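Listing of upload-v3.txt, compact mmCIF, C-alpha atoms
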# COMPACT_ATOMS: atom_id res chain seq x y z
CA MET A 1 0.00 0.00 0.00
CA ARG A 2 1.18 3.56 -0.75
CA TRP A 3 1.28 5.68 2.41
CA GLY A 4 1.29 9.36 3.21
CA ILE A 5 2.37 10.54 6.67
CA LEU A 6 0.92 13.56 8.44
CA SER A 7 3.65 14.96 10.75
CA ALA A 8 7.42 14.72 10.79
CA GLY A 9 7.65 14.10 14.52
CA ARG A 10 9.15 11.32 16.62
CA ILE A 11 6.42 8.72 16.15
CA ALA A 12 6.25 9.44 12.41
CA ARG A 13 10.00 8.78 12.25
CA ARG A 14 9.53 5.45 14.03
CA PHE A 15 6.82 4.48 11.53
CA ALA A 16 8.99 5.48 8.56
CA ASN A 17 11.92 3.46 9.89
CA ALA A 18 9.70 0.40 10.21
CA LEU A 19 8.28 0.68 6.70
CA ALA A 20 11.79 0.96 5.27
CA HIS A 21 12.04 -2.77 6.05
CA SER A 22 8.69 -3.77 4.58
CA SER A 23 8.41 -5.56 1.26
CA THR A 24 4.79 -4.51 0.75
CA GLU A 25 4.39 -1.00 2.20
CA GLN A 26 5.78 2.20 0.68
CA ILE A 27 5.76 5.80 1.89
CA VAL A 28 5.22 8.11 -1.07
CA ALA A 29 4.49 11.44 0.65
CA ILE A 30 5.14 13.34 3.88
CA ALA A 31 3.46 16.53 5.10
CA ALA A 32 4.43 18.89 7.91
CA ARG A 33 3.56 22.47 8.82
CA ASP A 34 7.18 23.39 8.08
CA ALA A 35 7.99 22.68 4.42
CA ASP A 36 11.73 22.53 5.12
CA ARG A 37 11.19 19.96 7.85
CA ALA A 38 9.03 17.88 5.53
CA ALA A 39 11.70 18.07 2.83
CA ALA A 40 14.42 16.97 5.26
CA PHE A 41 12.26 14.04 6.41
CA ALA A 42 11.61 13.04 2.79
CA SER A 43 15.31 13.19 1.96
CA GLU A 44 16.24 11.06 4.97
CA PHE A 45 13.77 8.29 4.15
CA GLY A 46 13.80 8.45 0.36
CA ILE A 47 10.22 9.72 0.10
CA SER A 48 9.42 11.17 -3.31
CA ARG A 49 7.12 14.04 -2.30
CA ALA A 50 7.14 16.48 0.62
CA TYR A 51 4.36 18.95 1.37
CA GLY A 52 4.24 22.04 3.57
CA ASP A 53 0.55 21.59 4.38
CA TYR A 54 -1.62 18.61 5.21
CA ALA A 55 -4.35 19.24 2.64
CA ALA A 56 -1.87 18.95 -0.23
CA LEU A 57 -0.97 15.43 0.87
CA LEU A 58 -4.63 14.46 1.07
CA ASN A 59 -5.07 15.66 -2.51
CA ASP A 60 -2.21 13.47 -3.73
CA PRO A 61 -3.81 10.73 -5.90
CA GLU A 62 -0.90 8.35 -5.27
CA VAL A 63 -1.60 8.19 -1.54
CA GLU A 64 -3.87 5.27 -0.64
CA ALA A 65 -3.56 5.36 3.16
CA VAL A 66 -2.71 8.07 5.66
CA TYR A 67 -0.82 7.59 8.90
CA ASN A 68 -2.03 10.39 11.18
CA ALA A 69 0.77 11.10 13.65
CA LEU A 70 -0.30 14.66 14.44
CA PRO A 71 -0.84 15.97 18.00
CA ASN A 72 -3.83 14.43 19.75
CA SER A 73 -6.01 17.51 19.31
CA LEU A 74 -5.69 17.23 15.51
CA HIS A 75 -6.51 13.54 15.16
CA ALA A 76 -10.22 13.95 14.52
CA GLN A 77 -10.01 16.93 12.16
CA TRP A 78 -7.39 15.52 9.82
CA SER A 79 -8.53 11.90 9.99
CA ILE A 80 -12.01 12.98 8.90
CA ALA A 81 -10.49 15.10 6.12
CA ALA A 82 -8.41 12.14 4.96
CA LEU A 83 -11.41 9.80 4.96
CA GLN A 84 -13.42 12.34 2.98
CA ALA A 85 -10.54 12.49 0.51
CA GLY A 86 -10.92 8.74 -0.05
CA LYS A 87 -7.92 7.59 2.00
CA HIS A 88 -7.77 4.78 4.52
CA VAL A 89 -6.64 6.12 7.90
CA LEU A 90 -4.39 4.64 10.56
CA CYS A 91 -4.66 7.20 13.35
CA GLU A 92 -2.28 7.36 16.28
CA LYS A 93 -3.68 6.83 19.72
CA PRO A 94 -5.76 8.20 21.26
CA MET A 95 -8.06 8.13 18.26
CA ALA A 96 -9.60 11.38 19.50
CA THR A 97 -9.78 13.52 22.62
CA SER A 98 -13.54 13.11 23.03
CA LEU A 99 -16.12 10.43 22.39
CA ALA A 100 -18.08 12.85 20.22
CA ASP A 101 -15.08 13.30 17.93
CA GLY A 102 -14.52 9.55 17.83
CA LEU A 103 -18.11 8.95 16.73
CA ALA A 104 -17.72 11.61 14.03
CA MET A 105 -14.61 9.83 12.75
CA VAL A 106 -16.45 6.51 12.60
CA ALA A 107 -19.32 8.15 10.73
CA ALA A 108 -16.84 9.57 8.19
CA ALA A 109 -15.28 6.14 7.70
CA GLN A 110 -18.68 4.57 7.12
CA ALA A 111 -19.87 7.32 4.78
CA ASN A 112 -16.73 7.16 2.65
CA ARG A 113 -16.32 3.36 2.81
CA ARG A 114 -12.75 3.52 4.06
CA LEU A 115 -10.90 1.71 6.81
CA LEU A 116 -10.24 3.66 10.01
CA MET A 117 -8.17 2.14 12.77
CA GLU A 118 -6.56 3.43 15.95
CA ALA A 119 -2.82 2.78 15.86
CA PHE A 120 -2.27 0.61 18.92
CA MET A 121 0.80 -1.04 17.43
CA TYR A 122 1.16 -3.51 20.32
CA ARG A 123 -1.94 -5.30 19.07
CA PHE A 124 0.01 -6.65 16.09
CA HIS A 125 3.04 -7.87 18.06
CA PRO A 126 3.25 -11.69 18.37
CA GLN A 127 3.43 -11.22 22.14
CA THR A 128 -0.08 -9.74 22.21
CA ILE A 129 -1.42 -12.27 19.74
CA THR A 130 -0.06 -15.03 22.00
CA VAL A 131 -1.93 -13.53 24.95
CA GLN A 132 -5.12 -13.25 22.90
CA GLN A 133 -4.83 -16.93 21.96
CA LEU A 134 -4.19 -17.98 25.58
CA LEU A 135 -7.31 -16.10 26.65
CA ALA A 136 -9.39 -17.53 23.79
CA ASP A 137 -8.24 -21.05 24.73
CA GLY A 138 -9.30 -20.51 28.34
CA VAL A 139 -5.84 -21.28 29.68
CA ILE A 140 -6.35 -19.08 32.77
CA GLY A 141 -10.09 -19.62 32.96
CA GLU A 142 -12.44 -16.66 33.31
CA VAL A 143 -10.67 -13.30 33.50
CA LYS A 144 -11.37 -11.71 36.88
CA GLN A 145 -8.80 -8.93 37.29
CA VAL A 146 -6.38 -6.93 35.17
CA ARG A 147 -3.60 -4.75 36.51
CA GLY A 148 -1.75 -2.51 34.07
CA SER A 149 0.75 0.31 34.40
CA PHE A 150 2.78 2.58 32.13
CA ALA A 151 5.04 5.37 33.38
CA PHE A 152 8.18 7.35 32.71
CA LEU A 153 9.76 10.48 34.13
CA LEU A 154 9.00 13.53 31.98
CA ASP A 155 11.06 16.52 33.09
CA ASP A 156 11.01 18.62 29.91
CA ALA A 157 8.55 21.48 30.47
CA THR A 158 8.39 22.18 26.72
CA ASN A 159 7.31 18.64 25.79
CA ILE A 160 4.12 18.49 23.72
CA ARG A 161 2.70 15.93 26.17
CA LEU A 162 2.31 18.76 28.71
CA ASN A 163 0.38 21.02 26.34
CA ALA A 164 -3.32 20.93 27.21
CA GLU A 165 -4.37 22.68 23.98
CA LEU A 166 -2.77 19.87 21.95
CA GLY A 167 -4.43 17.10 23.93
CA GLY A 168 -1.64 16.43 26.39
CA GLY A 169 -1.75 14.46 29.61
CA ALA A 170 -0.62 11.07 30.85
CA LEU A 171 -3.95 9.33 30.30
CA TYR A 172 -4.15 10.15 26.58
CA ASP A 173 -0.46 9.52 26.01
CA ILE A 174 0.28 6.33 27.94
CA GLY A 175 -2.69 5.50 30.18
CA CYS A 176 -4.67 4.52 27.10
CA TYR A 177 -2.37 1.49 26.75
CA PRO A 178 -3.17 -0.38 29.98
CA LEU A 179 -6.79 0.76 29.66
CA SER A 180 -7.04 -0.73 26.17
CA TYR A 181 -5.33 -3.92 27.34
CA ALA A 182 -7.94 -4.35 30.09
CA ARG A 183 -10.74 -3.78 27.57
CA MET A 184 -9.17 -6.36 25.26
CA ALA A 185 -8.74 -8.94 28.05
CA PHE A 186 -12.32 -8.67 29.32
CA GLY A 187 -13.84 -8.35 25.87
CA VAL A 188 -16.46 -5.82 27.01
CA CYS A 189 -16.68 -2.15 27.93
CA PRO A 190 -16.32 -1.39 31.65
CA GLN A 191 -19.45 -0.23 33.45
CA GLN A 192 -17.99 2.23 35.93
CA ALA A 193 -14.80 4.23 36.46
CA THR A 194 -13.18 5.87 39.46
CA ALA A 195 -9.97 7.89 39.21
CA PHE A 196 -7.45 9.89 41.20
CA VAL A 197 -5.43 12.41 39.21
CA ALA A 198 -2.35 14.51 39.98
CA GLY A 199 -1.57 17.59 37.91
CA GLU A 200 -3.07 20.99 37.23
CA THR A 201 -2.70 22.01 33.57
CA VAL A 202 -2.74 18.37 32.40
CA ASP A 203 -2.97 15.07 34.24
CA LEU A 204 0.55 14.01 35.22
CA SER A 205 -0.46 10.82 37.04
CA VAL A 206 -3.69 8.83 36.94
CA SER A 207 -4.80 5.89 39.06
CA GLY A 208 -8.03 4.38 37.80
CA LEU A 209 -10.33 1.61 38.98
CA LEU A 210 -12.61 0.06 36.35
CA ARG A 211 -15.60 -2.10 37.20
CA PHE A 212 -16.61 -4.57 34.50
CA ALA A 213 -18.96 -6.65 36.67
CA ALA A 214 -19.48 -7.42 40.35
CA ASP A 215 -16.34 -9.55 40.55
CA HIS A 216 -14.53 -8.31 37.45
CA GLY A 217 -12.28 -5.27 37.75
CA ALA A 218 -9.14 -3.58 36.54
CA VAL A 219 -6.62 -1.18 38.02
CA VAL A 220 -4.82 1.03 35.49
CA THR A 221 -2.12 3.53 36.36
CA CYS A 222 -0.02 5.92 34.32
CA SER A 223 2.41 8.67 35.18
CA PHE A 224 4.88 11.23 33.89
CA GLN A 225 6.25 11.50 37.44
CA ASN A 226 7.52 7.98 38.10
CA ALA A 227 10.47 5.88 37.03
CA TRP A 228 10.05 4.04 33.73
CA ASN A 229 7.87 0.97 33.99
CA GLN A 230 5.24 -0.91 32.05
CA ARG A 231 3.50 -4.10 33.09
CA VAL A 232 0.28 -6.04 32.60
CA GLU A 233 -1.07 -8.87 34.71
CA ILE A 234 -4.25 -10.72 33.78
CA ILE A 235 -5.68 -12.88 36.57
CA GLY A 236 -8.25 -15.57 35.96
CA ASP A 237 -9.96 -18.17 38.13
CA ALA A 238 -7.59 -20.85 36.80
CA GLY A 239 -4.28 -19.02 36.42
CA TRP A 240 -2.64 -15.75 35.41
CA ILE A 241 -0.58 -14.09 32.66
CA HIS A 242 2.21 -11.59 33.29
CA LEU A 243 4.04 -9.33 30.82
CA ASP A 244 6.97 -7.06 31.69
CA ARG A 245 6.97 -4.99 28.51
CA PRO A 246 3.54 -5.30 26.91
CA PHE A 247 3.28 -2.02 24.99
CA ASN A 248 6.50 -1.21 23.14
CA PRO A 249 8.87 -4.19 23.11
CA THR A 250 12.30 -3.48 21.62
CA PRO A 251 12.06 -4.68 18.00
CA ASP A 252 15.37 -6.56 17.97
CA LEU A 253 14.91 -8.34 21.31
CA ALA A 254 12.82 -11.36 22.25
CA THR A 255 10.02 -10.89 24.78
CA THR A 256 8.49 -13.22 27.34
CA VAL A 257 5.00 -14.09 28.49
CA THR A 258 4.76 -15.77 31.90
CA VAL A 259 1.77 -18.06 32.29
CA ALA A 260 0.58 -19.74 35.48
CA ARG A 261 -1.91 -22.58 35.09
CA GLY A 262 -3.97 -24.19 37.83
CA ARG A 263 -6.32 -23.14 40.61
CA ARG A 264 -4.36 -24.61 43.53
CA HIS A 265 -1.22 -26.35 42.29
CA VAL A 266 0.13 -23.70 39.95
CA LEU A 267 2.42 -24.59 37.07
CA VAL A 268 4.42 -21.56 35.87
CA GLU A 269 5.74 -21.47 32.31
CA THR A 270 7.68 -18.79 30.46
CA LEU A 271 6.97 -18.44 26.75
CA THR A 272 9.65 -16.76 24.64
CA ILE A 273 8.39 -14.60 21.78
CA PRO A 274 10.82 -13.91 18.90
CA PRO A 275 11.78 -10.29 18.10
CA ALA A 276 9.33 -8.37 15.92
CA ASP A 277 8.82 -4.82 14.70
CA GLN A 278 5.26 -4.09 15.72
CA PHE A 279 5.12 -0.88 13.68
CA ARG A 280 5.90 -2.76 10.46
CA LEU A 281 3.43 -5.52 11.38
CA GLU A 282 0.81 -2.88 12.15
CA ALA A 283 1.19 -1.20 8.74
CA GLU A 284 1.19 -4.51 6.87
CA GLY A 285 -1.79 -5.78 8.89
CA PHE A 286 -3.71 -2.59 8.29
CA ALA A 287 -3.06 -2.81 4.54
CA ALA A 288 -4.26 -6.42 4.49
CA LEU A 289 -7.45 -5.38 6.26
CA ALA A 290 -8.02 -2.46 3.89
CA ASN A 291 -7.47 -4.74 0.90
CA SER A 292 -9.77 -7.40 2.37
CA THR A 293 -7.13 -10.12 2.23
CA VAL A 294 -7.68 -11.19 5.85
CA PRO A 295 -10.90 -11.73 7.83
CA ILE A 296 -12.42 -8.81 9.71
CA PRO A 297 -12.25 -8.66 12.63
CA SER A 298 -8.94 -10.50 12.79
CA VAL A 299 -6.30 -11.17 15.39
CA GLY A 300 -4.18 -8.06 15.67
CA ALA A 301 -6.87 -5.67 14.49
CA MET A 302 -8.06 -2.85 16.75
CA PRO A 303 -11.87 -2.77 16.32
CA LEU A 304 -13.51 0.65 16.36
CA THR A 305 -15.95 -0.61 18.98
CA GLU A 306 -12.99 -0.97 21.35
CA SER A 307 -11.63 2.46 20.42
CA LEU A 308 -14.98 4.07 21.22
CA ASP A 309 -15.29 2.13 24.47
CA ASN A 310 -11.83 3.37 25.44
CA LEU A 311 -12.76 6.98 24.66
CA ALA A 312 -15.91 6.66 26.78
CA THR A 313 -13.84 5.16 29.60
CA MET A 314 -11.19 7.89 29.49
CA GLU A 315 -13.91 10.54 29.62
CA ALA A 316 -15.42 8.78 32.63
CA LEU A 317 -12.06 8.58 34.41
CA LEU A 318 -11.39 12.28 33.93
CA THR A 319 -14.92 13.15 35.02
CA SER A 320 -14.53 11.01 38.12
CA ALA A 321 -11.32 12.82 39.03
CA VAL A 322 -13.13 16.16 38.89
CA THR A 323 -16.30 15.08 40.71
CA ALA A 324 -14.55 12.76 43.19
CA SER A 325 -17.21 10.14 42.53
CA HIS A 326 -17.84 6.92 40.68
CA THR A 327 -18.78 7.61 37.05
CA VAL A 328 -21.06 5.34 35.06
CA ILE A 329 -19.80 4.56 31.56
CA HIS A 330 -22.43 4.65 28.84
CA LYS A 331 -21.22 2.26 26.17
CA PRO A 332 -21.35 3.85 22.70
CA THR A 333 -23.07 1.82 20.00
CA ILE A 334 -22.37 1.70 16.29
CA THR A 335 -23.91 -0.40 13.55
CA PRO A 336 -22.58 -2.72 12.31
CA GLU A 337 -20.26 -3.71 15.17
CA TRP A 338 -17.23 -3.57 12.85
CA PRO A 339 -18.25 -0.46 10.90
CA VAL A 340 -15.72 -0.64 8.10
CA GLY A 341 -14.66 -3.96 6.72
CA MET A 342 -14.84 -6.31 3.81
CA SER A 343 -18.33 -5.25 2.75
CA LEU A 344 -17.62 -1.53 3.05
CA VAL A 345 -14.07 -1.12 1.75
CA HIS A 346 -14.81 -2.02 -1.87
Please render this file's structure as structure tokens.
Amino acid sequence: MRWGILSAGRIARRFANALAHSSTEQIVAIAARDADRAAAFASEFGISRAYGDYAALLNDPEVEAVYNALPNSLHAQWSIAALQAGKHVLCEKPMATSLADGLAMVAAAQANRRLLMEAFMYRFHPQTITVQQLLADGVIGEVKQVRGSFAFLLDDATNIRLNAELGGGALYDIGCYPLSYARMAFGVCPQQATAFVAGETVDLSVSGLLRFAADHGAVVTCSFQNAWNQRVEIIGDAGWIHLDRPFNPTPDLATTVTVARGRRHVLVETLTIPPADQFRLEAEGFAALANSTVPIPSVGAMPLTESLDNLATMEALLTSAVTASHTVIHKPTITPEWPVGMSLVH
């Protein structure tokens, strides 16, 4: 598939590096607000066309899919514009900064018969697919609890993540990862959210409790104020699964999934997952979905139903932090459940 990238920032650079090693995906255009920066990016990665404004890239007939790596506050605006221009859209997380914007993006995808997906790259890593298979096979029984965390120390006051106008904050930037993992593990939207937040201009640390059912819950934490860490633990009534680096494994290093089986006499096993570049796998998987060469939904795909559930949950967490109360989550509904797929792409 021929790609155009919106933004010449850090995550766009990571995506371009990954696609340089793909035999099927090609970047043909890059756009940035600064034309010189776009030109430098294009020169570095051998991209044939560089644009100084986003609309010009969307008007490029060679571009089939757009990778939206713009600041969070611009995800909805430019993803909708790309969909209306007839492009498939892989949009960086969070898909939007409000549920209303997320629903508008889904409506644009449906109206223009194009694939829209939130770019949770970890979903395409073999480590995550292994976990999904373990859960589907019932290896740990019924999922009862999920604990997830993601944190690093952010001490640069000029960092875009601290800019409220651009959709900054720890929850949107990194808290969405453990939240999405919990949603994936339970397979349903949580019913209620309670949160404690530190930070004034933006949330710097968030501790959230999610209630999925009477005896089904998740604890998700994220922070710009703590030492680097990321973990996920999924606990069932017949075992548990533990991951030390679930969200952005180093592409040239193997990862491990620790699995404990048994209700009383626990057998612990460590599964070694070969190295993989999840950004390349994400792009190639997205292209296969857009071209209808794999089933939808498929393992690795990030369904829009989950993206909308996550947006509703993040809104509830932030509301809870302000009101100091439990917040009921009203699950958004879209029809069909997978709104853009084989029947709608072509």
Padding 5 Å on each side, edges along x, y and z: where is the centre of the box around the listed atoms of segment 250-257 of chain A, and how long are its edges in Å to one decimal? Output it as lines of an AutoDock Vina configuration file.
center_x = 10.2
center_y = -8.8
center_z = 23.2
size_x = 20.4
size_y = 20.6
size_z = 20.5
Would you write out, as a Markdown table, a table of all residues in segment 158-186 of chain A that have an atom no more than 8 Å from an atom of segment 197-209 of chain A, listing for each the closest atom pair and the distance in Å to one decimal, considering all atoms listed in the file and ordering rows by chain and rising residue number?
| residue | atom | partner | partner_atom | distance |
| --- | --- | --- | --- | --- |
| A:Leu162 | CA | A:Val202 | CA | 6.3 |
| A:Asn163 | CA | A:Val202 | CA | 7.3 |
| A:Ala164 | CA | A:Val202 | CA | 5.8 |
| A:Gly168 | CA | A:Val202 | CA | 6.4 |
| A:Gly169 | CA | A:Asp203 | CA | 4.8 |
| A:Ala170 | CA | A:Leu204 | CA | 5.4 |
| A:Leu171 | CA | A:Val206 | CA | 6.7 |
| A:Gly175 | CA | A:Val206 | CA | 7.6 |
Include C-alpha atoms and write out the residues we just selected as a PDB file, in the frame of the given file.
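Output file again22.pdb follows:
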ATOM      1  CA  LEU A 162       2.310  18.760  28.710  1.00  0.00           C
ATOM      2  CA  ASN A 163       0.380  21.020  26.340  1.00  0.00           C
ATOM      3  CA  ALA A 164      -3.320  20.930  27.210  1.00  0.00           C
ATOM      4  CA  GLY A 168      -1.640  16.430  26.390  1.00  0.00           C
ATOM      5  CA  GLY A 169      -1.750  14.460  29.610  1.00  0.00           C
ATOM      6  CA  ALA A 170      -0.620  11.070  30.850  1.00  0.00           C
ATOM      7  CA  LEU A 171      -3.950   9.330  30.300  1.00  0.00           C
ATOM      8  CA  GLY A 175      -2.690   5.500  30.180  1.00  0.00           C
TER       9      GLY A 175
END
Kindly assemble as a Markdown table a list of the segment 177-238 of chain A residues that lie within 12 Å of segment 115-126 of chain A, each paired with its nearest atom pair and their distance in Å to one decimal, using all atoms listed in the file, sorted first by chain and then by ascending residue number.
| residue | atom | partner | partner_atom | distance |
| --- | --- | --- | --- | --- |
| A:Tyr177 | CA | A:Phe120 | CA | 7.9 |
| A:Pro178 | CA | A:Tyr122 | CA | 11.0 |
| A:Leu179 | CA | A:Phe120 | CA | 11.7 |
| A:Ser180 | CA | A:Phe120 | CA | 8.8 |
| A:Tyr181 | CA | A:Arg123 | CA | 9.0 |
| A:Met184 | CA | A:Arg123 | CA | 9.6 |
| A:Ala185 | CA | A:Arg123 | CA | 11.8 |
- Using only C-alpha atoms, pick whichever of A:Ala39, A:Ala193, A:Met302, A:Ala218 has the shortest atom-to-atom distance to Ile235 of chain A.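 When distances to Ile235 of chain A are compared using only C-alpha atoms, the smallest one comes from A:Ala218.
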Distance table requested - segment 106-209 of chain A against segment 271-274 of chain A, cut-off 12 Å, all atoms listed in the file: one row per qualifying residue with the closest atom pair and its distance in Å to one decimal, ordered by chain and rising residue number, as JSON lines.
{"residue": "A:His125", "atom": "CA", "partner": "A:Ile273", "partner_atom": "CA", "distance": 9.4}
{"residue": "A:Pro126", "atom": "CA", "partner": "A:Ile273", "partner_atom": "CA", "distance": 6.8}
{"residue": "A:Gln127", "atom": "CA", "partner": "A:Ile273", "partner_atom": "CA", "distance": 6.0}
{"residue": "A:Thr128", "atom": "CA", "partner": "A:Ile273", "partner_atom": "CA", "distance": 9.8}
{"residue": "A:Ile129", "atom": "CA", "partner": "A:Ile273", "partner_atom": "CA", "distance": 10.3}
{"residue": "A:Thr130", "atom": "CA", "partner": "A:Ile273", "partner_atom": "CA", "distance": 8.5}
{"residue": "A:Val131", "atom": "CA", "partner": "A:Leu271", "partner_atom": "CA", "distance": 10.3}
{"residue": "A:Leu134", "atom": "CA", "partner": "A:Leu271", "partner_atom": "CA", "distance": 11.2}
Let me see the file: selected residues, C-alpha atoms, as a PDB file, in the coordinates of the input.
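In the end it all went to out_20.pdb:
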ATOM      1  CA  HIS A 125       3.040  -7.870  18.060  1.00  0.00           C
ATOM      2  CA  PRO A 126       3.250 -11.690  18.370  1.00  0.00           C
ATOM      3  CA  GLN A 127       3.430 -11.220  22.140  1.00  0.00           C
ATOM      4  CA  THR A 128      -0.080  -9.740  22.210  1.00  0.00           C
ATOM      5  CA  ILE A 129      -1.420 -12.270  19.740  1.00  0.00           C
ATOM      6  CA  THR A 130      -0.060 -15.030  22.000  1.00  0.00           C
ATOM      7  CA  VAL A 131      -1.930 -13.530  24.950  1.00  0.00           C
ATOM      8  CA  LEU A 134      -4.190 -17.980  25.580  1.00  0.00           C
TER       9      LEU A 134
END
- Calculate how many Å separate atom CA of Gln192 of chain A from atom CA of Arg261 of chain A, rounding to one decimal. 29.6 Å
- Query: How many Å separate atom CA of Phe152 of chain A from atom CA of Ser223 of chain A?
  - Reply: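 Interatomic distance here is 6.4 Å.
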Pick out the residues sitting within 6 Å of segment 56-73 of chain A, and hand them over as a CSV table (one decimal) with C-alpha atoms, in the frame of the given file; count all atoms listed in the file, and ignore anything fewer than 6 positions along from it in its own chain.
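Okay, this is what ended up in part20.csv:
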chain,number,residue,atom,x,y,z
A,2,ARG,CA,1.2,3.6,-0.8
A,3,TRP,CA,1.3,5.7,2.4
A,4,GLY,CA,1.3,9.4,3.2
A,5,ILE,CA,2.4,10.5,6.7
A,6,LEU,CA,0.9,13.6,8.4
A,7,SER,CA,3.6,15.0,10.8
A,12,ALA,CA,6.2,9.4,12.4
A,82,ALA,CA,-8.4,12.1,5.0
A,87,LYS,CA,-7.9,7.6,2.0
A,88,HIS,CA,-7.8,4.8,4.5
A,89,VAL,CA,-6.6,6.1,7.9
A,90,LEU,CA,-4.4,4.6,10.6
A,91,CYS,CA,-4.7,7.2,13.4
A,92,GLU,CA,-2.3,7.4,16.3
A,166,LEU,CA,-2.8,19.9,22.0
A,167,GLY,CA,-4.4,17.1,23.9
- Please identify all polymer residues within 8 Å of Ser149 of chain A, counting only C-alpha atoms, omitting same-chain residues fewer than 4 positions from it, and present them as a list in words. Gly175, Pro178, Val220, Thr221, Cys222, Asn229, Gln230, Arg231 and Val232 of chain A
- Task: Between atom CA of Pro303 of chain A and atom CA of Gln191 of chain A, measure the distance and give it in Å to one decimal.
- Result: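 Interatomic distance, atom CA of Pro303 of chain A to atom CA of Gln191 of chain A: 18.9 Å.
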- Task: Counting only C-alpha atoms, select every polymer residue within 9 Å of (-4.3, -10.9, 34.4) as defined in the file's coordinates, and provide the selection as a list in words.
- Result: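 Residues found, by chain and rising number: Ile140, Val143, Lys144, Gln145, Val146, Arg147, Gly148, Ala182, Ala185, Val232, Glu233, Ile234, Ile235, Gly236, Gly239, Trp240, Ile241 and His242 of chain A.
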- Message: Show me the residues around (-12.3, 3.6, 26.4) - criterion: an atom at most 10 Å away, all atoms listed in the file counted - as a ChimeraX atom specification.
- Response: /A:94,99,176,179-180,182-183,189-190,305-317,329,331-332
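For the set A:Ile334, A:Thr270, A:Phe186, A:Pro246, the residue with the smallest atom-to-atom gap to Gly217 of chain A is A:Phe186, counting only C-alpha atoms.
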- Item | For Gly46 of chain A: contacts at 12 Å, all atoms listed in the file, fewer than 6 positions along chain excluded, given as a PyMOL selection string | chain A and resi 16-17+19-20+26-30+38-40
- Query: Given the choices A:Val257, A:Ile160, A:Met105, A:Ala227, which gets closest to Gly9 of chain A if the distance is worked out from all atoms listed in the file?
  - Reply: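 Of the candidates, the smallest distance to Gly9 of chain A is held by A:Ile160.
Nearest residue to Ala290 of chain A, choosing from A:Leu267, A:Phe196, A:His326, A:Arg113 and counting all atoms listed in the file: A:Arg113.
Considering the residues A:Thr97, A:Phe286, A:Trp78, A:Gly300 and counting only C-alpha atoms, Gln132 of chain A has its shortest atom-to-atom contact with A:Gly300.
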